[in-house]
Amino acid sequence: MSNQTITAGKHVSLTYSITDDSGNVLEQSDLPVSYIQGGRTELIGGMDQAIAGKCAGDKVSFKLPPGGAFGEHDQSLTFSDDIDNVPPQFRRIGAEVQMQNESGEARTFYVTEIGGGRLTVDGNHPLAGKTLQVNIQIQEVRAPTEQELMQDASGASCPAPSRLH
């Protein structure tokens, strides 16, 4: 095991889990995820800052408040309408609806509730307003290879824990 510490430019491999306040696993990677510290890959909620200075074998856990993750729940992004005004293909919980504002900006809304002849859609990220628990196990810290440096420069690096859906 390397005794190198995580600093800018180091290749880092880690496993992680992200849970909600109730302990429900929202995302987990048991296979190592790799990235270059300080490179193009952005990790959720400052994970990269939380592990800076750590070594392979170290474990890091921290709570991530809504503002550091997916933001607070914005009630202005929740709308209800009579179900008869909604096309049939969207009349199911979880259906994705693309909406566009007057400026032409598009946002994905999700059907979150159907009842009493009404359908509700929500444009917030499903995890908005939630505090997350992040648990990281650092697997490896080393100098990157030339190929890894080229992948990072092109933005083609390995996926990192920033893709919660």
# chains A, B, ... in the order shown; residues from 1 in each chain; ligands from 1
call {"tool": "residues_around", "arguments": {"residues": "Ile138 (chain A)", "least_positions_apart": "3", "cutoff": "8 Å", "atoms": "only C-alpha atoms", "output": "NGL selection string"}}
result
:A and (12-15 or 54-59 or 141)
call {"tool": "select_by_dssp", "arguments": {"residues": "chain A", "states": "strand (DSSP E or B)", "output": "NGL selection string"}}
result
:A and (5 or 11-19 or 25-36 or 55 or 59-64 or 78-82 or 96-100 or 106-115 or 118-122 or 132-142)
call {"tool": "atom_distance", "arguments": {"atom1": "CA of Gly129 (chain A)", "atom2": "CA of Pro66 (chain A)"}}
result
5.0 Å
call {"tool": "select_by_dssp", "arguments": {"residues": "chain A", "states": "alpha helix (DSSP H)", "output": "VMD selection string"}}
result
chain A and resid 47 to 51 146 to 154
call {"tool": "closest_atom_pairs", "arguments": {"of": "region 52-138 of chain A", "to": "region 23-33 of chain A", "cutoff": "10 Å", "atoms": "only C-alpha atoms", "output": "Markdown table"}}
result
| residue | atom | partner | partner_atom | distance |
| --- | --- | --- | --- | --- |
| A:Leu127 | CA | A:Leu26 | CA | 9.3 |
| A:Leu132 | CA | A:Leu26 | CA | 8.9 |
| A:Gln133 | CA | A:Gly23 | CA | 8.2 |
| A:Val134 | CA | A:Glu27 | CA | 9.6 |
| A:Asn135 | CA | A:Gln28 | CA | 9.4 |
| A:Ile136 | CA | A:Ser29 | CA | 9.7 |
| A:Gln137 | CA | A:Pro32 | CA | 9.2 |
| A:Ile138 | CA | A:Pro32 | CA | 8.7 |
call {"tool": "closest_atom_pairs", "arguments": {"of": "region 96-161 of chain A", "to": "region 68-73 of chain A", "cutoff": "10 Å", "atoms": "only C-alpha atoms", "output": "tab-separated table"}}
result
residue	atom	partner	partner_atom	distance
A:Asp122	CA	A:His73	CA	9.7
A:Gly123	CA	A:His73	CA	9.5
A:Asn124	CA	A:His73	CA	6.4
A:His125	CA	A:Phe70	CA	6.5
A:Pro126	CA	A:Phe70	CA	8.5
A:Leu127	CA	A:Phe70	CA	6.2
A:Ala128	CA	A:Phe70	CA	4.8
A:Gly129	CA	A:Glu72	CA	4.1
A:Lys130	CA	A:Glu72	CA	7.6
A:Thr131	CA	A:Ala69	CA	7.9
A:Leu132	CA	A:Ala69	CA	7.7
call {"tool": "write_last_selection", "arguments": {"atoms": "C-alpha atoms", "output": "mmCIF file, in the first residue's frame"}}
result
data_model
loop_
_atom_site.group_PDB
_atom_site.id
_atom_site.type_symbol
_atom_site.label_atom_id
_atom_site.label_comp_id
_atom_site.auth_asym_id
_atom_site.auth_seq_id
_atom_site.Cartn_x
_atom_site.Cartn_y
_atom_site.Cartn_z
ATOM 1 C CA ASP A 122 -41.671 18.528 -9.414
ATOM 2 C CA GLY A 123 -38.646 20.150 -11.081
ATOM 3 C CA ASN A 124 -36.388 19.744 -8.055
ATOM 4 C CA HIS A 125 -33.694 17.088 -8.052
ATOM 5 C CA PRO A 126 -35.155 14.052 -6.214
ATOM 6 C CA LEU A 127 -32.576 14.561 -3.437
ATOM 7 C CA ALA A 128 -33.113 18.328 -3.061
ATOM 8 C CA GLY A 129 -33.603 19.315 0.557
ATOM 9 C CA LYS A 130 -31.992 16.133 1.888
ATOM 10 C CA THR A 131 -28.908 15.816 4.060
ATOM 11 C CA LEU A 132 -26.620 13.069 2.771
#
call {"tool": "closest_residue", "arguments": {"among": "A:Ser61, A:Gln49, A:Gln151, A:Ser34", "to": "Thr7 (chain A)", "atoms": "only C-alpha atoms"}}
result
A:Gln49
call {"tool": "atom_distance", "arguments": {"atom1": "CA of Val97 (chain A)", "atom2": "CA of Gln75 (chain A)"}}
result
17.2 Å
call {"tool": "atom_distance", "arguments": {"atom1": "CA of Ile93 (chain A)", "atom2": "CA of Ser80 (chain A)"}}
result
13.2 Å
